[in-house]
$ cat upload.txt   # compact mmCIF, C-alpha atoms and all ligand atoms
# COMPACT_ATOMS: atom_id res chain seq x y z
CA MET A 1364 -1.95 -96.52 176.03
CA ALA A 1365 0.52 -97.74 178.42
CA ASP A 1366 3.28 -95.74 176.87
CA ILE A 1367 1.14 -92.61 176.59
CA ASN A 1368 0.12 -92.98 180.18
CA ALA A 1369 3.63 -93.61 181.02
CA GLN A 1370 4.73 -90.45 179.37
CA GLU A 1371 1.94 -88.50 180.96
CA ASN A 1372 2.67 -90.09 184.22
CA GLY A 1373 6.41 -90.13 184.26
CA GLU A 1374 6.49 -91.85 187.56
CA ASN A 1375 5.10 -95.09 186.17
CA ALA A 1376 6.62 -94.87 182.73
CA PRO A 1377 9.71 -97.00 183.20
CA LEU A 1378 7.75 -99.82 184.81
CA LEU A 1379 5.28 -99.96 181.95
CA SER A 1380 7.82 -99.63 179.21
CA THR A 1381 8.16 -102.59 176.85
CA THR A 1382 11.47 -101.37 175.56
CA SER A 1383 14.48 -103.56 176.00
CA GLN A 1384 16.41 -100.59 177.38
CA PRO A 1385 16.26 -101.18 181.09
CA VAL A 1386 18.25 -98.13 182.19
CA PRO A 1387 15.50 -95.77 183.27
CA ALA A 1388 13.59 -98.41 185.17
CA PRO A 1389 16.16 -99.34 187.80
CA ARG A 1390 17.23 -95.75 188.15
CA GLY A 1391 13.69 -94.74 189.08
CA ALA A 1392 13.31 -97.72 191.39
CA TRP A 1393 16.49 -96.83 193.20
CA VAL A 1394 15.27 -93.29 193.60
CA ARG A 1395 11.97 -94.51 195.03
CA ILE A 1396 13.58 -96.96 197.40
CA VAL A 1397 16.87 -95.38 198.27
CA VAL A 1398 15.65 -91.85 198.86
CA PRO A 1399 12.97 -92.71 201.45
CA VAL A 1400 15.19 -95.29 203.12
CA GLY A 1401 18.07 -92.86 203.08
CA LEU A 1402 15.93 -90.11 204.51
CA THR A 1403 14.68 -92.48 207.20
CA VAL A 1404 18.24 -93.37 208.13
CA VAL A 1405 19.22 -89.70 208.15
CA PHE A 1406 16.26 -88.82 210.37
CA ALA A 1407 17.01 -91.75 212.65
CA ILE A 1408 20.63 -90.66 213.03
CA ALA A 1409 19.48 -87.09 213.58
CA ALA A 1410 17.07 -88.28 216.25
CA ILE A 1411 19.82 -90.23 217.96
CA LEU A 1412 22.11 -87.23 217.79
CA ALA A 1413 19.37 -84.95 219.06
CA PHE A 1414 18.34 -87.07 222.03
CA ALA A 1415 20.34 -90.17 222.82
CA LEU A 1416 23.90 -89.00 222.54
CA PRO A 1417 23.57 -85.75 224.46
CA ARG A 1418 21.57 -87.65 227.10
CA ALA A 1419 24.25 -90.32 227.37
CA GLN A 1420 26.84 -87.59 227.69
CA LEU A 1421 25.00 -86.01 230.61
CA PRO A 1422 26.63 -86.71 233.95
CA ILE A 1423 25.11 -89.90 235.35
CA LEU A 1424 23.33 -88.12 238.21
CA ASP A 1425 21.42 -85.94 235.74
CA ARG A 1426 19.83 -89.15 234.50
CA VAL A 1427 19.72 -91.31 237.63
CA GLY A 1428 19.13 -89.58 240.97
CA VAL A 1429 20.66 -90.68 244.24
CA VAL A 1430 18.51 -92.76 246.59
CA ASP A 1431 19.72 -92.50 250.20
CA THR A 1432 18.24 -95.14 252.51
CA HIS A 1433 19.04 -93.43 255.79
CA ILE A 1434 18.42 -89.77 256.57
CA ASP A 1435 17.42 -88.71 260.09
CA LEU A 1436 15.63 -85.47 259.27
CA PRO A 1437 12.51 -86.58 261.23
CA LEU A 1438 14.69 -86.84 264.34
CA LEU A 1439 16.00 -83.31 263.74
CA LEU A 1440 12.43 -82.06 263.32
CA ARG A 1441 11.56 -83.63 266.66
CA MET A 1442 14.55 -82.24 268.51
CA PHE A 1443 14.66 -78.75 266.97
CA TYR A 1444 10.97 -78.06 266.27
CA LYS A 1445 9.02 -80.42 268.54
CA ASN A 1446 7.38 -81.97 265.46
CA ASP A 1447 5.64 -78.69 264.58
CA ILE A 1448 5.35 -78.36 260.79
CA ASN A 1449 4.85 -74.58 261.17
CA GLN A 1450 8.19 -74.05 262.87
CA PHE A 1451 10.52 -74.76 259.97
CA ASP A 1452 10.84 -74.07 256.26
CA MET A 1453 12.53 -76.65 254.07
CA ARG A 1454 12.79 -74.02 251.29
CA ALA A 1455 15.11 -72.04 253.54
CA THR A 1456 18.44 -73.20 254.90
CA MET A 1457 17.84 -75.88 257.51
CA PRO A 1458 20.20 -76.36 260.46
CA GLY A 1459 21.29 -79.90 259.57
CA HIS A 1460 22.44 -81.55 256.37
CA VAL A 1461 19.17 -81.46 254.43
CA ASP A 1462 16.92 -78.87 252.81
CA ILE A 1463 15.26 -78.58 249.43
CA ALA A 1464 17.95 -76.50 247.74
CA ARG A 1465 20.68 -78.90 248.81
CA LEU A 1466 18.61 -81.96 247.83
CA ARG A 1467 18.35 -80.45 244.34
CA THR A 1468 22.05 -79.64 244.12
CA GLY A 1469 22.88 -83.17 245.24
CA HIS A 1470 20.67 -84.78 242.53
CA VAL A 1471 18.64 -86.63 245.13
CA GLY A 1472 16.00 -88.88 243.61
CA GLY A 1473 14.71 -90.59 246.72
CA VAL A 1474 15.07 -90.82 250.48
CA PHE A 1475 14.07 -93.32 253.11
CA TRP A 1476 13.34 -90.96 256.00
CA SER A 1477 14.32 -92.73 259.21
CA VAL A 1478 11.67 -92.66 261.94
CA PHE A 1479 13.94 -93.30 264.89
CA VAL A 1480 13.34 -93.44 268.61
CA PRO A 1481 16.30 -94.33 270.88
CA CYS A 1482 16.41 -97.61 272.74
CA SER A 1483 16.33 -97.42 276.51
CA ALA A 1484 20.04 -97.78 277.21
CA GLU A 1485 20.69 -94.80 274.91
CA LEU A 1486 18.36 -92.76 277.08
CA GLY A 1487 19.89 -94.05 280.29
CA LYS A 1488 16.66 -95.82 281.13
CA ASP A 1489 16.11 -99.35 282.25
CA GLU A 1490 13.38 -101.33 280.55
CA GLY A 1491 14.09 -104.43 282.59
CA PRO A 1492 15.80 -107.69 281.66
CA ASP A 1493 12.81 -108.77 279.54
CA PHE A 1494 12.16 -105.36 277.89
CA MET A 1495 8.81 -105.20 279.64
CA ILE A 1496 8.97 -101.90 281.54
CA PRO A 1497 6.65 -99.67 279.48
CA THR A 1498 8.11 -96.91 277.33
CA TYR A 1499 6.67 -94.29 275.02
CA ARG A 1500 8.40 -95.70 271.99
CA VAL A 1501 5.30 -96.57 269.97
CA ARG A 1502 3.83 -93.11 270.63
CA ASP A 1503 7.12 -91.46 269.68
CA THR A 1504 7.49 -93.58 266.54
CA LEU A 1505 3.97 -92.65 265.47
CA GLU A 1506 4.89 -89.00 265.97
CA GLN A 1507 8.00 -89.49 263.83
CA ILE A 1508 5.88 -91.04 261.07
CA ASP A 1509 3.39 -88.19 261.46
CA ILE A 1510 5.94 -85.39 261.07
CA THR A 1511 7.50 -87.21 258.10
CA LYS A 1512 4.15 -87.38 256.33
CA LEU A 1513 3.34 -83.77 257.22
CA MET A 1514 6.69 -82.71 255.76
CA ILE A 1515 6.09 -84.67 252.54
CA ASP A 1516 2.60 -83.14 252.22
CA GLU A 1517 3.88 -79.62 252.92
CA TYR A 1518 6.01 -79.58 249.76
CA PRO A 1519 4.03 -81.53 247.14
CA ASP A 1520 6.06 -80.00 244.32
CA VAL A 1521 9.23 -81.47 245.85
CA PHE A 1522 8.37 -84.68 247.70
CA GLU A 1523 6.20 -87.62 246.69
CA TYR A 1524 5.20 -90.24 249.22
CA ALA A 1525 5.97 -93.76 248.01
CA THR A 1526 5.52 -97.23 249.43
CA THR A 1527 6.58 -99.39 246.47
CA ALA A 1528 9.53 -99.62 244.09
CA LYS A 1529 7.12 -98.75 241.29
CA GLY A 1530 5.98 -95.69 243.22
CA MET A 1531 9.60 -94.67 243.73
CA ARG A 1532 10.29 -94.90 240.01
CA ALA A 1533 7.15 -92.89 239.19
CA ALA A 1534 8.02 -90.16 241.67
CA MET A 1535 11.57 -89.88 240.38
CA SER A 1536 10.52 -89.84 236.73
CA SER A 1537 8.29 -86.86 237.49
CA GLY A 1538 11.18 -85.01 239.08
CA LYS A 1539 10.05 -85.50 242.68
CA VAL A 1540 12.07 -86.78 245.60
CA ALA A 1541 10.53 -90.21 246.26
CA SER A 1542 9.90 -90.27 250.00
CA LEU A 1543 9.67 -93.49 251.97
CA ILE A 1544 9.80 -94.48 255.62
CA GLY A 1545 12.19 -96.76 257.50
CA VAL A 1546 11.96 -97.71 261.20
CA GLU A 1547 15.33 -97.91 262.94
CA GLY A 1548 15.03 -100.65 265.47
CA GLY A 1549 12.96 -103.62 266.61
CA HIS A 1550 12.77 -101.96 270.04
CA GLN A 1551 10.28 -99.55 268.45
CA LEU A 1552 7.79 -102.42 268.23
CA GLU A 1553 7.65 -102.81 272.01
CA ASN A 1554 7.71 -106.57 271.47
CA SER A 1555 4.60 -106.72 269.27
CA LEU A 1556 4.18 -108.07 265.73
CA GLY A 1557 0.82 -106.31 265.63
CA VAL A 1558 2.70 -103.03 265.94
CA LEU A 1559 4.93 -104.15 263.05
CA ARG A 1560 1.89 -104.71 260.84
CA MET A 1561 0.54 -101.27 261.75
CA TYR A 1562 3.88 -99.61 260.93
CA TYR A 1563 3.68 -101.31 257.55
CA GLU A 1564 0.15 -99.93 257.12
CA LEU A 1565 1.54 -96.48 257.90
CA GLY A 1566 4.13 -96.81 255.16
CA ALA A 1567 7.25 -98.27 256.79
CA ARG A 1568 9.12 -100.26 254.16
CA TYR A 1569 12.16 -101.31 256.11
CA MET A 1570 12.91 -101.94 259.75
CA THR A 1571 16.33 -102.38 261.31
CA LEU A 1572 16.24 -105.46 263.53
CA THR A 1573 18.05 -103.64 266.36
CA HIS A 1574 19.51 -100.26 267.16
CA THR A 1575 22.47 -100.17 269.56
CA CYS A 1576 20.71 -102.22 272.29
CA ASN A 1577 19.77 -105.88 272.28
CA ASN A 1578 16.02 -106.37 272.13
CA ALA A 1579 13.52 -109.20 272.34
CA PHE A 1580 14.15 -110.13 268.71
CA ALA A 1581 17.89 -109.96 268.20
CA ASP A 1582 21.36 -109.06 269.44
CA SER A 1583 22.95 -105.74 268.50
CA ALA A 1584 26.49 -104.81 267.50
CA GLY A 1585 26.16 -101.98 270.01
CA ILE A 1586 28.10 -98.76 269.67
CA GLY A 1587 31.68 -98.82 270.87
CA ALA A 1588 31.50 -101.81 273.21
CA THR A 1589 29.44 -104.72 271.93
CA PRO A 1590 26.70 -105.67 274.40
CA THR A 1591 26.80 -109.18 275.83
CA PRO A 1592 24.77 -111.36 273.45
CA LEU A 1593 21.38 -112.27 274.81
CA HIS A 1594 20.15 -114.71 272.17
CA GLY A 1595 23.31 -115.65 270.26
CA GLY A 1596 21.83 -113.79 267.27
CA LEU A 1597 18.11 -114.03 266.60
CA SER A 1598 15.64 -115.17 269.24
CA PRO A 1599 12.83 -117.52 268.12
CA PHE A 1600 10.62 -114.42 268.27
CA GLY A 1601 13.11 -112.67 265.96
CA VAL A 1602 12.75 -115.53 263.46
CA GLU A 1603 8.98 -114.93 263.54
CA LEU A 1604 9.63 -111.21 263.01
CA ILE A 1605 11.64 -111.86 259.83
CA TYR A 1606 8.97 -114.23 258.53
CA GLU A 1607 6.35 -111.53 259.08
CA MET A 1608 8.48 -108.83 257.45
CA ASN A 1609 8.98 -111.15 254.44
CA ARG A 1610 5.24 -111.76 254.28
CA LEU A 1611 4.40 -108.06 254.49
CA GLY A 1612 7.07 -106.94 252.00
CA MET A 1613 9.08 -104.91 254.48
CA MET A 1614 12.83 -104.94 253.92
CA VAL A 1615 14.78 -106.64 256.70
CA ASP A 1616 17.55 -104.18 257.62
CA ILE A 1617 20.61 -105.71 259.26
CA SER A 1618 22.65 -102.59 259.89
CA HIS A 1619 23.35 -102.23 263.64
CA VAL A 1620 22.95 -105.96 264.40
CA SER A 1621 25.59 -108.36 265.73
CA ASP A 1622 27.44 -110.56 263.25
CA ASP A 1623 25.56 -113.63 264.52
CA THR A 1624 22.24 -111.86 263.97
CA ALA A 1625 23.28 -110.88 260.44
CA ILE A 1626 24.47 -114.38 259.51
CA GLN A 1627 21.27 -115.94 260.87
CA ALA A 1628 19.18 -113.37 258.98
CA PHE A 1629 20.86 -114.55 255.77
CA ASN A 1630 19.72 -118.08 256.60
CA VAL A 1631 16.23 -117.19 257.80
CA SER A 1632 15.05 -114.45 255.43
CA ARG A 1633 13.38 -115.66 252.28
CA ALA A 1634 13.66 -112.17 250.78
CA PRO A 1635 16.76 -110.13 249.87
CA LEU A 1636 18.35 -108.16 252.70
CA LEU A 1637 19.24 -104.53 253.29
CA PHE A 1638 22.06 -102.91 255.21
CA SER A 1639 20.48 -99.44 255.32
CA HIS A 1640 23.59 -97.64 256.62
CA SER A 1641 26.81 -99.63 257.10
CA SER A 1642 30.29 -99.68 255.59
CA SER A 1643 33.19 -102.12 255.33
CA ARG A 1644 34.96 -103.50 258.42
CA ALA A 1645 38.01 -104.46 256.34
CA VAL A 1646 38.45 -100.80 255.39
CA HIS A 1647 37.73 -99.45 258.87
CA ASN A 1648 37.52 -101.85 261.77
CA VAL A 1649 34.40 -101.03 263.78
CA ARG A 1650 31.66 -103.46 264.71
CA ARG A 1651 29.01 -101.39 262.95
CA ASN A 1652 30.66 -102.15 259.62
CA VAL A 1653 30.16 -105.34 257.63
CA PRO A 1654 33.01 -107.90 257.71
CA ASP A 1655 34.16 -109.57 254.50
CA SER A 1656 32.88 -112.93 255.81
CA ILE A 1657 29.33 -111.51 255.66
CA LEU A 1658 29.90 -109.59 252.42
CA GLU A 1659 30.81 -112.98 250.93
CA LEU A 1660 27.29 -114.25 251.67
CA ILE A 1661 25.89 -111.63 249.31
CA GLY A 1662 25.21 -112.41 245.69
CA GLU A 1663 22.97 -114.22 243.28
CA GLY A 1664 24.87 -117.48 242.95
CA GLU A 1665 24.52 -120.81 244.72
CA GLY A 1666 24.39 -120.44 248.49
CA LYS A 1667 24.21 -116.67 248.33
CA LYS A 1668 21.45 -114.18 248.95
CA ASP A 1669 20.76 -110.88 247.25
CA ALA A 1670 21.43 -107.88 249.46
CA VAL A 1671 22.67 -104.31 249.22
CA VAL A 1672 25.04 -102.53 251.58
CA MET A 1673 24.27 -98.83 251.72
CA VAL A 1674 27.48 -97.07 252.70
CA ILE A 1675 27.31 -94.81 255.77
CA PHE A 1676 29.16 -91.48 255.99
CA ALA A 1677 29.46 -91.32 259.82
CA PRO A 1678 33.14 -90.35 260.20
CA ASP A 1679 33.75 -92.80 263.06
CA PHE A 1680 32.73 -95.64 260.76
CA VAL A 1681 34.67 -94.34 257.75
CA ALA A 1682 38.22 -93.79 258.97
CA ASP A 1683 40.49 -92.88 261.86
CA LYS A 1684 39.90 -89.54 263.56
CA ASP A 1685 40.10 -86.59 261.14
CA LYS A 1686 40.78 -88.93 258.21
CA ALA A 1687 37.21 -89.32 256.92
CA ASP A 1688 36.81 -87.72 253.52
CA VAL A 1689 35.25 -88.44 250.16
CA LYS A 1690 38.18 -90.65 249.14
CA ALA A 1691 37.85 -92.74 252.31
CA VAL A 1692 34.11 -93.20 251.70
CA ALA A 1693 34.92 -94.22 248.12
CA ASP A 1694 37.35 -96.81 249.54
CA HIS A 1695 34.40 -98.43 251.35
CA VAL A 1696 32.26 -98.43 248.20
CA VAL A 1697 35.07 -99.96 246.15
CA HIS A 1698 35.84 -102.65 248.73
CA ILE A 1699 32.21 -103.70 249.13
CA ALA A 1700 31.92 -103.82 245.33
CA HIS A 1701 35.10 -105.89 245.18
CA ILE A 1702 33.89 -108.51 247.67
CA ALA A 1703 30.10 -108.54 247.16
CA GLY A 1704 29.98 -107.13 243.61
CA PRO A 1705 29.13 -103.67 242.28
CA ARG A 1706 25.44 -104.63 242.17
CA HIS A 1707 25.38 -104.81 245.95
CA VAL A 1708 26.40 -101.36 247.16
CA GLY A 1709 24.51 -98.10 247.61
CA ILE A 1710 24.33 -95.02 249.83
CA GLY A 1711 22.81 -94.65 253.32
CA SER A 1712 24.53 -91.52 254.58
CA ASP A 1713 22.95 -91.05 258.04
CA TYR A 1714 22.77 -87.29 257.37
CA ASP A 1715 21.00 -85.40 260.16
CA GLY A 1716 21.74 -88.36 262.43
CA ILE A 1717 25.46 -87.63 262.67
CA THR A 1718 27.11 -84.65 264.30
CA SER A 1719 30.22 -84.59 262.10
CA VAL A 1720 30.69 -85.39 258.42
CA PRO A 1721 33.48 -86.49 256.09
CA GLN A 1722 35.43 -83.76 254.35
CA GLY A 1723 33.93 -83.23 250.91
CA LEU A 1724 30.62 -84.89 251.87
CA GLU A 1725 29.29 -82.21 254.20
CA ASP A 1726 25.60 -82.51 253.31
CA VAL A 1727 23.14 -83.85 250.72
CA SER A 1728 24.40 -81.42 248.09
CA LYS A 1729 27.73 -83.28 247.95
CA TYR A 1730 26.82 -86.76 246.63
CA PRO A 1731 28.18 -85.84 243.18
CA ALA A 1732 31.68 -85.57 244.67
CA LEU A 1733 31.55 -89.27 245.58
CA PHE A 1734 30.43 -90.19 242.07
CA GLU A 1735 33.22 -88.10 240.55
CA GLU A 1736 35.74 -89.81 242.82
CA LEU A 1737 34.51 -93.25 241.74
CA ARG A 1738 34.50 -92.26 238.07
CA SER A 1739 38.14 -91.20 238.45
CA ARG A 1740 38.79 -94.77 239.70
CA GLY A 1741 37.27 -96.30 236.58
CA TRP A 1742 33.65 -96.79 237.61
CA ASP A 1743 31.43 -96.71 234.53
CA ASP A 1744 27.86 -95.44 234.17
CA THR A 1745 26.34 -98.87 234.88
CA MET A 1746 28.19 -99.23 238.16
CA LEU A 1747 27.45 -95.64 239.17
CA ALA A 1748 23.75 -95.98 238.32
CA GLY A 1749 23.62 -99.13 240.43
CA LEU A 1750 25.20 -97.28 243.33
CA ALA A 1751 22.80 -94.36 242.88
CA GLN A 1752 19.55 -96.33 242.93
CA TYR A 1753 19.26 -99.47 240.81
CA ASN A 1754 20.85 -101.84 243.34
CA LEU A 1755 18.46 -100.71 246.05
CA LEU A 1756 15.47 -100.85 243.71
CA ARG A 1757 16.34 -104.42 242.73
CA VAL A 1758 16.48 -105.52 246.37
CA PHE A 1759 13.22 -103.69 247.17
CA GLU A 1760 11.52 -105.35 244.19
CA GLY A 1761 12.87 -108.72 245.33
CA VAL A 1762 11.31 -108.14 248.74
CA GLU A 1763 8.00 -107.19 247.12
CA LYS A 1764 8.14 -110.31 244.95
CA THR A 1765 8.71 -112.56 247.97
CA ALA A 1766 5.72 -110.99 249.72
CA MET A 1767 3.57 -111.59 246.65
CA GLU A 1768 4.69 -115.21 246.44
CA MET A 1769 3.90 -115.78 250.11
CA ARG A 1770 0.44 -114.28 249.65
CA TRP A 1771 -0.13 -116.56 246.66
CA GLU A 1772 0.94 -119.52 248.74
CA GLY A 1773 -1.68 -118.51 251.29
CA VAL A 1774 0.69 -118.25 254.22
CA LYS A 1775 -0.85 -116.82 257.35
CA PRO A 1776 0.24 -113.77 259.34
CA ALA A 1777 2.64 -114.51 262.21
CA MET A 1778 0.65 -114.76 265.42
CA ALA A 1779 3.65 -115.27 267.70
CA LEU A 1780 3.37 -113.50 271.06
CA TYR A 1781 6.33 -112.37 273.10
CA ASP A 1782 6.51 -115.00 275.81
CA LYS A 1783 6.97 -112.38 278.55
CA ARG A 1784 3.65 -110.69 277.70
CA ALA A 1785 1.88 -111.20 281.03
CA ASP A 1786 -1.03 -109.00 279.89
CA LEU A 1787 -2.04 -111.45 277.15
CA LEU A 1788 -0.66 -114.70 278.47
CA ASP A 1789 -1.47 -114.55 282.19
CA GLU A 1790 -3.69 -111.64 283.11
CA ILE A 1791 -6.55 -112.56 280.80
CA ASP A 1792 -6.72 -116.05 282.29
CA SER A 1793 -6.79 -114.66 285.81
CA PHE A 1794 -9.42 -112.11 284.76
CA PHE A 1795 -11.88 -114.90 283.98
CA GLU A 1796 -11.07 -117.01 286.99
ZN ZN B 1801 21.78 -95.91 262.80
$ encode --input "upload.txt" --output "structure tokens"
Amino acid sequence: MADINAQENGENAPLLSTTSQPVPAPRGAWVRIVVPVGLTVVFAIAAILAFALPRAQLPILDRVGVVDTHIDLPLLLRMFYKNDINQFDMRATMPGHVDIARLRTGHVGGVFWSVFVPCSAELGKDEGPDFMIPTYRVRDTLEQIDITKLMIDEYPDVFEYATTAKGMRAAMSSGKVASLIGVEGGHQLENSLGVLRMYYELGARYMTLTHTCNNAFADSAGIGATPTPLHGGLSPFGVELIYEMNRLGMMVDISHVSDDTAIQAFNVSRAPLLFSHSSSRAVHNVRRNVPDSILELIGEGEGKKDAVVMVIFAPDFVADKDKADVKAVADHVVHIAHIAGPRHVGIGSDYDGITSVPQGLEDVSKYPALFEELRSRGWDDTMLAGLAQYNLLRVFEGVEKTAMEMRWEGVKPAMALYDKRADLLDEIDSFFE
């Protein structure tokens, strides 16, 4: 029966055969095993050819969009359009360096929109030696946050509001420009950690410790002439500020600060640090750029702290007059990568916050020129992807992780008051007398 069945059912026949001739059996087995396995391999190779290889061959920015941590469009919207969402059209050509068409051409994946209000000295105003003469900075910062959110909401097919690294990744993977908020100066807190917490609630995910003026928290590098240090770096209140930013999960930005402030921030901050828009002082010697001695503090080894330096395009910080171009900006990227490592450099252009631009990097459509320049100098896809976004995302995630750890440890919010706050420290007492 077996043989009859075998003959009727040729597929099983060799296996059931009692003959001593083994030839048909292995041949059939090979066919049954080799053909499916072979087909699987062929399909797998075809799948790789169909998807992986062409994708790998795509220019890096087609796969990994650029995240720029410092664009001043909200300031332009304030100055040109008085924060009126009906007065401008991002789908048309905008007057500055940024609009939707140019964001697309430039392969922009994410932006930290800077909500900036000048410090008093920049406005020619005096806020007193203790920074206690009232200003409208909190109002104006809230208006900057407001117009940023209105702008994001106005173009939901283009922008996606994000407040986490995960949210950034999700926005970018759906083809949107991840849109986050950064505050550009501790002066915008008007000396209050409560204001800091409310900015966080409103979406701010980094704050620069100073702008070009000293403030109650820290000393600034100034602009041009360095202001006389007030605290020798961070004040005790500034140390409290960094603690609270760590606890909240807000990136501590040490662009604009004095060297002493930056060095002390490396010691004080539990979380990784951000330079949202700074370049290399060794390449171009201005105080706003980061010296090698501070770049050497950056890293993941013993005695080092994770950080990322987002290279600024402001021509005065890039090169001598009329010398700023895409090659000069690349020099900064390469030098920072050489000293701190290629995992510690990114892009923070300052577009819409600068009145002139490097040749070849005229607006947000031109980022690819920088990547091409670096590729011509031997930068591979991993290094370029780090520059584009991964280095910043790692630092942001490190800051989020620190905040989570501090919450788990049950640490309390910082309740430090500015010691010149007569309204809370003196007036209340006298009120009840
Ligand atoms: Zn700035």
$ residues_near_ligand --input "upload.txt" --ligand "ligand ZN 1801 (chain B)" --cutoff "8 Å" --atoms "only C-alpha atoms and all ligand atoms" --output "list of chain:residue names"
A:His1433, A:Glu1547, A:His1574, A:Ser1618, A:His1619, A:His1640, A:Asp1713, A:Gly1716
$ residues_around --input "upload.txt" --residues "Leu1552 of chain A" --least-positions-apart "6" --cutoff "7 Å" --atoms "only C-alpha atoms" --output "mmCIF file with C-alpha atoms, keeping the file's coordinate frame"
data_model
loop_
_atom_site.group_PDB
_atom_site.id
_atom_site.type_symbol
_atom_site.label_atom_id
_atom_site.label_comp_id
_atom_site.auth_asym_id
_atom_site.auth_seq_id
_atom_site.Cartn_x
_atom_site.Cartn_y
_atom_site.Cartn_z
ATOM 1 C CA VAL A 1501 5.300 -96.570 269.970
ATOM 2 C CA VAL A 1558 2.700 -103.030 265.940
ATOM 3 C CA LEU A 1559 4.930 -104.150 263.050
#
$ residues_around --input "upload.txt" --residues "Met1442 of chain A" --least-positions-apart "4" --cutoff "12 Å" --atoms "all atoms listed in the file" --output "number ranges by chain"
A: 1435-1438, 1446-1447, 1450, 1458-1459, 1479-1480, 1503, 1507, 1510, 1715-1716
$ residues_around --input "upload.txt" --residues "Tyr1563 of chain A" --least-positions-apart "4" --cutoff "9 Å" --atoms "only C-alpha atoms" --output "PDB file with C-alpha atoms, in the coordinates of the input"
ATOM      1  CA  VAL A1558       2.700-103.030 265.940  1.00  0.00           C
ATOM      2  CA  LEU A1559       4.930-104.150 263.050  1.00  0.00           C
ATOM      3  CA  ALA A1567       7.250 -98.270 256.790  1.00  0.00           C
ATOM      4  CA  ARG A1568       9.120-100.260 254.160  1.00  0.00           C
ATOM      5  CA  TYR A1569      12.160-101.310 256.110  1.00  0.00           C
ATOM      6  CA  MET A1608       8.480-108.830 257.450  1.00  0.00           C
ATOM      7  CA  LEU A1611       4.400-108.060 254.490  1.00  0.00           C
ATOM      8  CA  GLY A1612       7.070-106.940 252.000  1.00  0.00           C
ATOM      9  CA  MET A1613       9.080-104.910 254.480  1.00  0.00           C
TER      10      MET A1613
END
$ axis_aligned_box --input "upload.txt" --around "segment 1547-1563 of chain A" --padding-each-side "8 Å" --output "AutoDock Vina command-line options"
--center_x 7.9 --center_y -103.0 --center_z 264.8 --size_x 30.8 --size_y 26.2 --size_z 30.5
$ atom_distance --input "upload.txt" --atom1 "atom CA of His1594 of chain A" --atom2 "atom CA of Glu1490 of chain A"
17.2 Å
$ atom_distance --input "upload.txt" --atom1 "atom CA of Pro1422 of chain A" --atom2 "atom CA of Asp1744 of chain A"
8.8 Å
$ atom_distance --input "upload.txt" --atom1 "atom CA of Ser1739 of chain A" --atom2 "atom CA of Lys1690 of chain A"
10.7 Å
$ residues_around --input "upload.txt" --residues "Ala1691 of chain A" --least-positions-apart "4" --cutoff "8 Å" --atoms "only C-alpha atoms" --output "VMD selection string"
chain A and resid 1681 to 1682 1686 to 1687 1695
$ closest_residue --input "upload.txt" --among "A:Thr1456, A:Ser1728, A:Ser1643, A:Thr1718" --to "Val1697 of chain A" --atoms "all atoms listed in the file"
A:Ser1643
